[in-house]
>>> print(open('structure21.txt').read())   # compact mmCIF, C-alpha atoms
# COMPACT_ATOMS: atom_id res chain seq x y z
CA MET A 1 63.51 78.25 121.02
CA PRO A 2 63.90 79.07 117.32
CA LEU A 3 61.67 81.84 116.08
CA PRO A 4 59.56 81.43 112.98
CA ASP A 5 61.05 83.26 110.05
CA GLY A 6 60.38 86.91 109.75
CA LEU A 7 58.34 87.39 112.88
CA VAL A 8 59.53 90.34 114.88
CA THR A 9 59.55 89.32 118.50
CA SER A 10 60.50 91.42 121.45
CA SER A 11 63.28 89.88 123.49
CA ASN A 12 60.82 89.55 126.36
CA THR A 13 61.20 85.82 126.19
CA ALA A 14 64.98 85.84 126.22
CA GLY A 15 65.29 85.88 129.99
CA PRO A 16 64.38 87.84 133.07
CA PRO A 17 66.69 90.88 132.73
CA ALA A 18 66.14 91.41 129.01
CA ARG A 19 62.42 91.13 129.47
CA GLN A 20 62.39 94.14 131.77
CA GLN A 21 64.56 96.36 129.63
CA THR A 22 62.83 95.77 126.35
CA ALA A 23 59.20 96.08 127.35
CA ASN A 24 58.00 99.07 125.36
CA LEU A 25 56.77 102.00 127.47
CA ALA A 26 53.60 102.38 125.43
CA ASP A 27 52.79 98.70 125.93
CA ILE A 28 53.39 99.01 129.67
CA LEU A 29 51.36 102.21 130.02
CA GLU A 30 48.34 100.89 128.20
CA ARG A 31 48.33 97.92 130.56
CA VAL A 32 49.11 99.49 133.93
CA LEU A 33 46.98 102.61 133.42
CA ASP A 34 44.05 101.08 131.66
CA LYS A 35 43.91 97.48 132.87
CA GLY A 36 44.16 95.64 136.15
CA ILE A 37 41.70 95.37 138.99
CA VAL A 38 40.25 98.70 140.11
CA ILE A 39 39.64 99.23 143.81
CA ALA A 40 37.09 101.77 144.98
CA GLY A 41 35.92 102.87 148.38
CA ASP A 42 37.23 104.70 151.41
CA ILE A 43 40.01 102.24 152.24
CA ARG A 44 41.69 103.78 149.24
CA VAL A 45 43.47 107.12 149.29
CA ASN A 46 41.00 109.46 147.71
CA LEU A 47 42.41 109.90 144.27
CA LEU A 48 40.36 111.01 141.30
CA ASP A 49 39.78 108.28 138.81
CA ILE A 50 43.08 107.60 137.16
CA GLU A 51 41.39 107.64 133.78
CA LEU A 52 40.62 111.32 134.14
CA LEU A 53 44.08 112.15 135.33
CA THR A 54 45.80 110.52 132.46
CA ILE A 55 43.87 111.97 129.58
CA LYS A 56 47.02 113.49 128.16
CA ILE A 57 48.74 110.14 128.26
CA ARG A 58 45.80 108.48 126.61
CA LEU A 59 45.93 110.96 123.79
CA LEU A 60 49.52 109.97 123.25
CA ILE A 61 48.85 106.26 123.35
CA ALA A 62 45.73 106.07 121.31
CA SER A 63 45.33 107.79 118.00
CA VAL A 64 41.84 106.51 117.58
CA ASP A 65 40.68 109.36 115.39
CA LYS A 66 43.57 108.83 113.03
CA ALA A 67 42.78 105.13 112.84
CA ARG A 68 39.15 105.87 112.09
CA GLU A 69 40.18 108.30 109.39
CA ILE A 70 42.07 105.59 107.54
CA GLY A 71 39.36 103.00 108.02
CA ILE A 72 40.73 100.84 110.84
CA ASP A 73 37.76 100.95 113.13
CA TRP A 74 36.49 97.41 113.17
CA TRP A 75 37.20 96.91 116.87
CA GLU A 76 34.55 99.53 117.63
CA ARG A 77 31.81 97.46 116.07
CA ASP A 78 32.68 94.35 118.04
CA PRO A 79 30.59 94.47 121.21
CA SER A 80 33.02 92.23 123.09
CA LEU A 81 35.74 94.79 122.53
CA SER A 82 33.94 97.92 123.60
CA SER A 83 35.41 99.75 126.54
CA LYS A 84 33.46 100.84 129.59
CA GLN A 85 33.40 104.37 128.25
CA ARG A 86 31.74 103.31 125.04
CA ASP A 87 29.33 101.18 127.04
CA LEU A 88 28.40 104.24 129.05
CA ALA A 89 27.98 106.36 125.96
CA GLY A 90 25.78 103.67 124.44
CA GLU A 91 23.79 103.36 127.61
CA ASN A 92 23.28 107.11 127.75
CA LYS A 93 22.12 107.15 124.17
CA ALA A 94 19.73 104.26 124.76
CA LEU A 95 18.32 105.96 127.83
CA ARG A 96 17.87 109.26 126.01
CA GLU A 97 16.08 107.49 123.18
CA ARG A 98 13.88 105.69 125.63
CA ILE A 99 12.94 108.94 127.37
CA GLU A 100 12.13 110.53 124.03
CA ALA A 101 10.02 107.54 123.07
CA LEU A 102 8.16 107.66 126.37
CA GLU A 103 7.59 111.39 126.08
CA ALA A 104 6.33 111.00 122.53
CA ALA A 105 4.07 108.12 123.47
CA ALA A 106 2.50 109.73 126.51
CA PRO A 107 2.35 113.50 126.09
CA ALA A 108 -1.07 113.71 127.72
CA GLU A 109 0.08 111.90 130.80
CA LEU A 110 3.12 114.14 131.11
CA ASP A 111 0.96 117.24 130.68
CA GLY A 112 -1.31 115.88 133.37
CA ALA A 113 1.65 115.43 135.66
CA ARG A 114 2.74 119.00 134.95
CA SER A 115 -0.62 120.48 135.75
CA ARG A 116 -0.83 118.46 138.95
CA THR A 117 2.56 119.88 139.90
CA ALA A 118 1.32 123.35 139.10
CA GLU A 119 -1.69 122.83 141.36
CA THR A 120 0.51 121.68 144.20
CA ASP A 121 2.67 124.76 143.78
CA ARG A 122 -0.25 127.05 144.15
CA MET B 1 54.10 117.20 158.20
CA THR B 2 54.97 113.65 157.31
CA GLY B 3 52.48 111.15 158.66
CA ALA B 4 52.45 107.38 158.64
CA PRO B 5 53.36 105.80 155.29
CA LEU B 6 50.68 104.69 152.84
CA CYS B 7 50.30 101.22 151.36
CA TYR B 8 50.82 100.81 147.60
CA VAL B 9 49.18 97.59 146.39
CA TYR B 10 50.52 95.91 143.24
CA ALA B 11 48.70 92.65 142.91
CA ILE B 12 46.84 89.78 144.54
CA VAL B 13 48.34 86.29 144.77
CA ASP B 14 47.57 83.00 146.49
CA ALA B 15 48.53 82.78 150.18
CA PRO B 16 50.89 81.81 151.54
CA PRO B 17 53.27 82.92 148.77
CA HIS B 18 56.13 80.51 149.53
CA HIS B 19 59.65 81.61 148.60
CA LEU B 20 58.37 84.47 146.49
CA GLU B 21 61.22 86.49 145.04
CA VAL B 22 60.50 90.19 144.69
CA CYS B 23 62.30 93.25 143.40
CA PRO B 24 62.18 96.81 144.78
CA GLY B 25 58.89 98.60 144.19
CA VAL B 26 57.88 102.16 143.31
CA ASP B 27 60.17 104.77 144.84
CA GLY B 28 62.66 101.95 145.53
CA ALA B 29 60.63 100.67 148.48
CA ALA B 30 60.87 97.09 149.80
CA VAL B 31 58.06 94.87 148.56
CA THR B 32 56.27 92.59 151.00
CA THR B 33 52.93 90.79 151.35
CA VAL B 34 49.84 91.14 153.53
CA GLU B 35 47.90 87.89 153.97
CA ARG B 36 44.31 87.20 154.82
CA GLY B 37 42.92 83.70 154.45
CA GLU B 38 43.86 82.15 151.10
CA LEU B 39 44.85 85.46 149.52
CA ALA B 40 47.82 87.77 149.80
CA ALA B 41 48.33 91.32 148.58
CA VAL B 42 51.74 92.38 147.27
CA VAL B 43 52.45 95.79 148.78
CA SER B 44 55.11 98.35 149.63
CA LEU B 45 55.02 101.33 151.95
CA VAL B 46 55.21 104.71 150.25
CA ASP B 47 55.72 108.21 151.56
CA ARG B 48 52.50 109.95 152.51
CA ASP B 49 53.69 113.29 151.20
CA ARG B 50 54.79 112.00 147.83
CA PHE B 51 51.96 109.53 147.27
CA GLY B 52 49.02 111.37 148.81
CA ALA B 53 46.18 112.31 146.49
CA GLU B 54 47.30 115.92 145.89
CA SER B 55 50.88 115.08 145.13
CA LEU B 56 49.95 112.11 142.97
CA ARG B 57 47.51 114.15 140.95
CA ALA B 58 50.26 116.58 140.01
CA LYS B 59 52.83 113.87 139.38
CA LEU B 60 50.69 111.84 137.00
CA GLU B 61 51.11 114.67 134.52
CA ASP B 62 54.90 114.37 134.77
CA LEU B 63 55.93 111.94 132.05
CA ASP B 64 59.29 111.08 133.60
CA TRP B 65 57.70 110.27 136.94
CA LEU B 66 54.94 108.37 135.20
CA GLU B 67 57.43 106.27 133.26
CA GLN B 68 59.50 105.46 136.35
CA THR B 69 56.46 104.55 138.39
CA ALA B 70 54.85 102.53 135.60
CA ARG B 71 58.05 100.58 135.05
CA ALA B 72 58.52 99.94 138.79
CA HIS B 73 54.89 98.81 139.11
CA HIS B 74 55.30 96.59 136.07
CA GLN B 75 58.59 95.12 137.25
CA VAL B 76 57.14 93.99 140.58
CA ILE B 77 54.17 92.32 138.86
CA ASP B 78 56.30 90.85 136.09
CA THR B 79 58.77 89.33 138.55
CA ILE B 80 55.93 87.65 140.42
CA ALA B 81 54.17 86.51 137.25
CA ARG B 82 57.19 84.42 136.35
CA GLN B 83 56.82 82.51 139.64
CA ILE B 84 53.14 82.23 140.60
CA PRO B 85 49.68 83.21 139.30
CA VAL B 86 49.07 86.93 139.77
CA ALA B 87 46.07 89.28 139.55
CA PRO B 88 47.49 92.78 138.85
CA LEU B 89 45.84 95.89 140.26
CA ARG B 90 45.55 99.18 138.38
CA MET B 91 48.64 101.35 138.81
CA ALA B 92 48.59 103.76 141.79
CA THR B 93 46.18 101.78 143.95
CA ILE B 94 47.12 103.27 147.32
CA LEU B 95 45.49 102.35 150.61
CA TRP B 96 45.70 104.17 153.93
CA ASP B 97 47.29 101.31 155.86
CA GLU B 98 47.84 97.56 156.12
CA ARG B 99 44.56 97.11 157.90
CA GLY B 100 42.85 98.45 154.81
CA VAL B 101 44.73 95.92 152.71
CA ALA B 102 43.49 93.06 154.91
CA GLU B 103 39.95 94.45 154.64
CA LEU B 104 40.33 94.64 150.87
CA LEU B 105 41.28 90.95 150.71
CA GLN B 106 38.42 90.01 152.97
CA ALA B 107 35.78 92.07 151.16
CA ASN B 108 36.75 91.00 147.64
CA ARG B 109 37.65 87.38 148.22
CA PRO B 110 35.28 85.89 145.60
CA GLU B 111 36.27 88.42 142.91
CA PHE B 112 40.01 88.09 143.49
CA THR B 113 39.75 84.30 143.59
CA GLU B 114 37.85 84.37 140.30
CA VAL B 115 40.58 86.41 138.60
CA LEU B 116 43.34 84.15 139.95
CA GLU B 117 41.50 81.08 138.68
CA ARG B 118 41.02 82.68 135.27
CA VAL B 119 44.73 83.37 134.80
CA ARG B 120 46.17 80.28 136.49
CA GLY B 121 48.52 78.43 134.12
CA ARG B 122 47.95 81.04 131.41
CA GLU B 123 49.93 83.91 129.97
CA GLU B 124 49.15 87.11 128.16
CA TRP B 125 50.70 87.75 124.75
CA GLY B 126 50.57 91.06 122.95
CA VAL B 127 50.25 91.25 119.17
CA LYS B 128 50.62 94.37 117.08
CA ALA B 129 50.31 94.42 113.31
CA TYR B 130 51.27 97.20 110.92
CA ALA B 131 49.87 97.71 107.44
CA VAL B 132 52.81 98.29 105.12
CA PRO B 133 52.36 99.68 101.58
CA VAL B 134 53.78 97.14 99.13
CA GLY B 135 54.64 97.16 95.45
CA PRO B 136 56.70 99.72 93.53
CA PRO B 137 56.39 102.93 95.52
CA ASP B 138 56.85 105.17 92.49
CA ALA B 139 55.77 103.36 89.32
CA PRO B 140 56.64 105.14 86.06
CA PRO B 141 53.65 106.97 84.64
CA GLY B 142 51.80 105.31 81.75
CA PRO B 143 51.42 107.03 78.38
CA ALA B 144 47.99 108.43 79.25
CA GLU B 145 49.37 110.01 82.39
CA SER B 146 52.32 111.65 80.65
CA ALA B 147 50.07 113.23 78.03
CA GLY B 148 49.06 116.17 80.16
CA GLY B 149 52.46 117.74 80.79
CA PRO B 150 54.72 117.72 83.83
CA GLY B 151 52.17 119.22 86.25
CA THR B 152 49.56 116.58 85.48
CA THR B 153 52.16 113.82 85.61
CA TYR B 154 53.19 114.99 89.05
CA LEU B 155 49.61 115.05 90.29
CA MET B 156 48.86 111.64 88.79
CA ARG B 157 51.92 110.19 90.45
CA LYS B 158 50.92 111.71 93.78
CA ARG B 159 47.44 110.31 93.41
CA GLY B 160 48.86 106.89 92.59
CA GLN B 161 50.97 106.94 95.74
CA ARG B 162 48.01 107.97 97.83
CA ASP B 163 45.77 105.28 96.34
CA ARG B 164 48.37 102.59 96.92
CA ALA B 165 48.82 103.69 100.53
CA ARG B 166 45.07 103.63 101.07
CA GLN B 167 44.80 100.21 99.49
CA ALA B 168 47.62 98.91 101.69
CA VAL B 169 45.76 100.07 104.76
CA GLN B 170 42.57 98.40 103.58
CA THR B 171 44.36 95.13 102.87
CA GLY B 172 46.23 95.42 106.14
CA ALA B 173 43.03 95.99 108.09
CA ASP B 174 41.40 92.94 106.44
CA LEU B 175 44.41 90.76 107.15
CA ALA B 176 44.58 92.07 110.70
CA ARG B 177 40.95 91.15 111.26
CA GLN B 178 41.65 87.61 110.04
CA LEU B 179 44.76 87.46 112.20
CA HIS B 180 42.72 88.47 115.23
CA GLU B 181 40.14 85.78 114.53
CA VAL B 182 42.77 83.10 114.18
CA LEU B 183 44.63 84.17 117.34
CA THR B 184 41.38 84.33 119.27
CA GLY B 185 40.90 80.68 118.30
CA HIS B 186 44.17 79.84 120.05
CA SER B 187 43.24 81.80 123.17
CA VAL B 188 41.07 81.56 126.24
CA ALA B 189 40.22 85.26 125.92
CA ALA B 190 41.19 88.26 123.81
CA ARG B 191 41.20 92.04 124.20
CA VAL B 192 41.73 94.63 121.50
CA TYR B 193 43.38 97.95 122.33
CA PRO B 194 43.14 101.10 120.24
CA PRO B 195 46.11 101.47 117.90
CA GLN B 196 49.10 103.28 119.36
CA ASP B 197 50.22 106.64 118.13
CA PRO B 198 53.24 106.39 115.78
CA ARG B 199 55.16 108.58 118.22
CA LEU B 200 54.90 105.81 120.79
CA SER B 201 55.01 102.77 118.55
CA GLY B 202 58.07 104.19 116.84
CA ARG B 203 56.72 103.05 113.45
CA THR B 204 55.24 105.19 110.76
CA GLU B 205 52.96 102.54 109.25
CA PRO B 206 49.35 102.50 110.52
CA MET B 207 48.81 100.00 113.31
CA ALA B 208 46.09 97.67 112.09
CA LEU B 209 45.90 95.50 115.19
CA ASN B 210 46.87 96.03 118.82
CA ALA B 211 45.57 93.17 120.91
CA ALA B 212 46.25 90.93 123.89
CA TYR B 213 45.52 87.21 124.12
CA LEU B 214 45.25 85.03 127.18
CA VAL B 215 46.60 81.59 126.31
CA ALA B 216 47.32 78.40 128.19
CA ALA B 217 51.08 78.29 128.71
CA ALA B 218 51.19 75.12 126.61
CA ASP B 219 49.48 76.90 123.67
CA ALA B 220 51.83 79.88 123.54
CA GLU B 221 53.93 78.25 120.85
CA SER B 222 50.96 77.62 118.57
CA LEU B 223 49.82 81.23 119.03
CA ARG B 224 53.30 82.37 118.08
CA ALA B 225 53.34 80.14 115.01
CA ALA B 226 49.91 81.37 113.93
CA ALA B 227 51.04 84.98 114.26
CA ALA B 228 54.14 84.18 112.24
CA ARG B 229 52.06 82.78 109.37
CA PHE B 230 50.41 86.17 108.97
CA ASP B 231 53.65 88.09 109.00
CA SER B 232 54.17 89.27 105.42
CA PRO B 233 55.50 92.28 103.52
CA GLY B 234 52.03 93.85 103.63
CA LEU B 235 51.39 93.15 107.30
CA ARG B 236 54.23 93.21 109.79
CA VAL B 237 53.28 91.24 112.89
CA GLU B 238 54.97 91.91 116.19
CA LEU B 239 54.61 89.66 119.22
CA THR B 240 55.40 90.64 122.82
CA GLY B 241 55.28 88.60 125.97
CA PRO B 242 54.66 86.72 127.98
CA TRP B 243 53.03 89.49 130.01
CA ALA B 244 51.45 89.21 133.42
CA PRO B 245 47.72 88.91 132.67
CA TYR B 246 47.01 92.66 132.98
CA SER B 247 44.41 92.70 130.25
CA PHE B 248 42.41 89.91 131.82
CA ALA B 249 42.40 91.01 135.46
CA GLU B 250 38.85 92.26 135.41
CA VAL B 251 36.44 91.82 138.23
CA SER B 252 32.88 91.07 137.20
CA GLN B 253 30.53 93.66 138.64
CA PRO B 254 28.31 92.44 141.47
>>> encode(input="structure21.txt", output="structure tokens")
Amino acid sequence: MPLPDGLVTSSNTAGPPARQQTANLADILERVLDKGIVIAGDIRVNLLDIELLTIKIRLLIASVDKAREIGIDWWERDPSLSSKQRDLAGENKALRERIEALEAAAPAELDGARSRTAETDR
Amino acid sequence: MTGAPLCYVYAIVDAPPHHLEVCPGVDGAAVTTVERGELAAVVSLVDRDRFGAESLRAKLEDLDWLEQTARAHHQVIDTIARQIPVAPLRMATILWDERGVAELLQANRPEFTEVLERVRGREEWGVKAYAVPVGPPDAPPGPAESAGGPGTTYLMRKRGQRDRARQAVQTGADLARQLHEVLTGHSVAARVYPPQDPRLSGRTEPMALNAAYLVAAADAESLRAAAARFDSPGLRVELTGPWAPYSFAEVSQP
């Protein structure tokens, strides 16, 4: 199949053997370490979450801070692109804000709860 | 003490996987399948001492081991992907025994089936784009710039280079965003990865796009052509694939 002019294409499509040899390690790692179905539960050998174990590798693969520094950060603002980690961070933030809002809105009630606790302790 | 071997699981496929050709798996082990109902898991037995939790934890920090294992894992999945639909599992998914594998198939039947349906007849393509500074890299200083003596001229020239580089990145990022929108239009689904470090990409230019697209096999050519239209001196576009649908093998949470 003729390639369009100028487009750099890995020889992945050339045939089975070439496809194996030319797949870039970084491309493979970001897929096999970060993607694919995750199995949990006790049928699995008890291994810490692979994400924690491969922090060093992630640092090598992703230079997110560098990208942000030079202004390439648009994927972060696209909700469909956010990773689980960012979702968790966002969720944590939302929960913290909600707690603060609740505490601000109902200080009397909370104080009441505290004094009731104090009475029980006595 | 060496106990019974463990079961390394690579991927889920439709059962029965007729005439499936496989290659050796991690640690050179023979790859086989475990079937349950309409699903089969692609597995190989691995040594309990080398692939137990403790040993694995230490080895994941060893880049050479990691590369070998990642490539072996990938090769098994890639070989299968060229023959039948495949739902890849995260690397180093290791179960205690074959009975566990059968339980896994049984317990996750709806989720695995959903992933297989999503990727059936489709392929993953990777696209990376680099923002390249264009124009004369070292334009001669104008009269105003030369007025301040050699030191000022030097600084002005440096600033010019820096500004051009920054502008290239901005233009590259804008083009990359458009590229992503266009490619998404040719795809069933899209995922964007963080840019790769230059040490791994092997290129010094900033990576403005690192994404994966799930496309119907019949649409792969139009995706390729669309990517090619964006390839320009200011934005180098690189296409890889077809990949097994790693980036789209997600199970929706119950």
>>> residues_around(input="structure21.txt", residues="B:Ala81", least_positions_apart="5", cutoff="12 Å", atoms="only C-alpha atoms", output="list in words")
Pro16 of chain A; Tyr10, Ala11, Ile12, Val13, Asp14, Leu20, Glu21, Val22, Val42, His74, Gln75, Val76, Val86, Ala87, Pro88, Leu116, Val119, Arg120, Gly121, Arg122, Glu123, Glu124, Gly241, Pro242, Trp243, Ala244, Pro245 and Tyr246 of chain B
>>> atom_distance(input="structure21.txt", atom1="atom CA of B:Leu183", atom2="atom CA of B:Phe248")
15.7 Å
>>> closest_residue(input="structure21.txt", among="A:Ala23, A:Ala104, A:Asp42, A:Ile37", to="chain B", atoms="all atoms listed in the file")
A:Ile37
>>> atom_distance(input="structure21.txt", atom1="atom CA of A:Ala26", atom2="atom CA of B:Leu45")
26.6 Å
>>> atom_distance(input="structure21.txt", atom1="atom CA of B:Arg164", atom2="atom CA of B:Ala227")
24.9 Å
>>> interface_residues(input="structure21.txt", of="chain B", to="chain A", cutoff="6 Å", atoms="all atoms listed in the file", output="list in words")
Ala53, Pro88, Leu89, Arg90, Met91, Ile94, Leu95, Trp96, Gly100, Pro194, Pro195, Gln196, Asp197, Leu200, Ala228, Glu238, Leu239, Thr240, Gly241, Tyr246, Ser247, Ala249 and Glu250 of chain B
>>> residues_around(input="structure21.txt", residues="B:Lys59", least_positions_apart="2", cutoff="12 Å", atoms="all atoms listed in the file", output="list of chain:residue names")
A:Ile50, A:Leu53, A:Thr54, B:Asp49, B:Arg50, B:Phe51, B:Gly52, B:Ala53, B:Glu54, B:Ser55, B:Leu56, B:Arg57, B:Glu61, B:Asp62, B:Leu63, B:Asp64, B:Trp65, B:Leu66, B:Glu67, B:Gln68, B:Thr69, B:Ala92
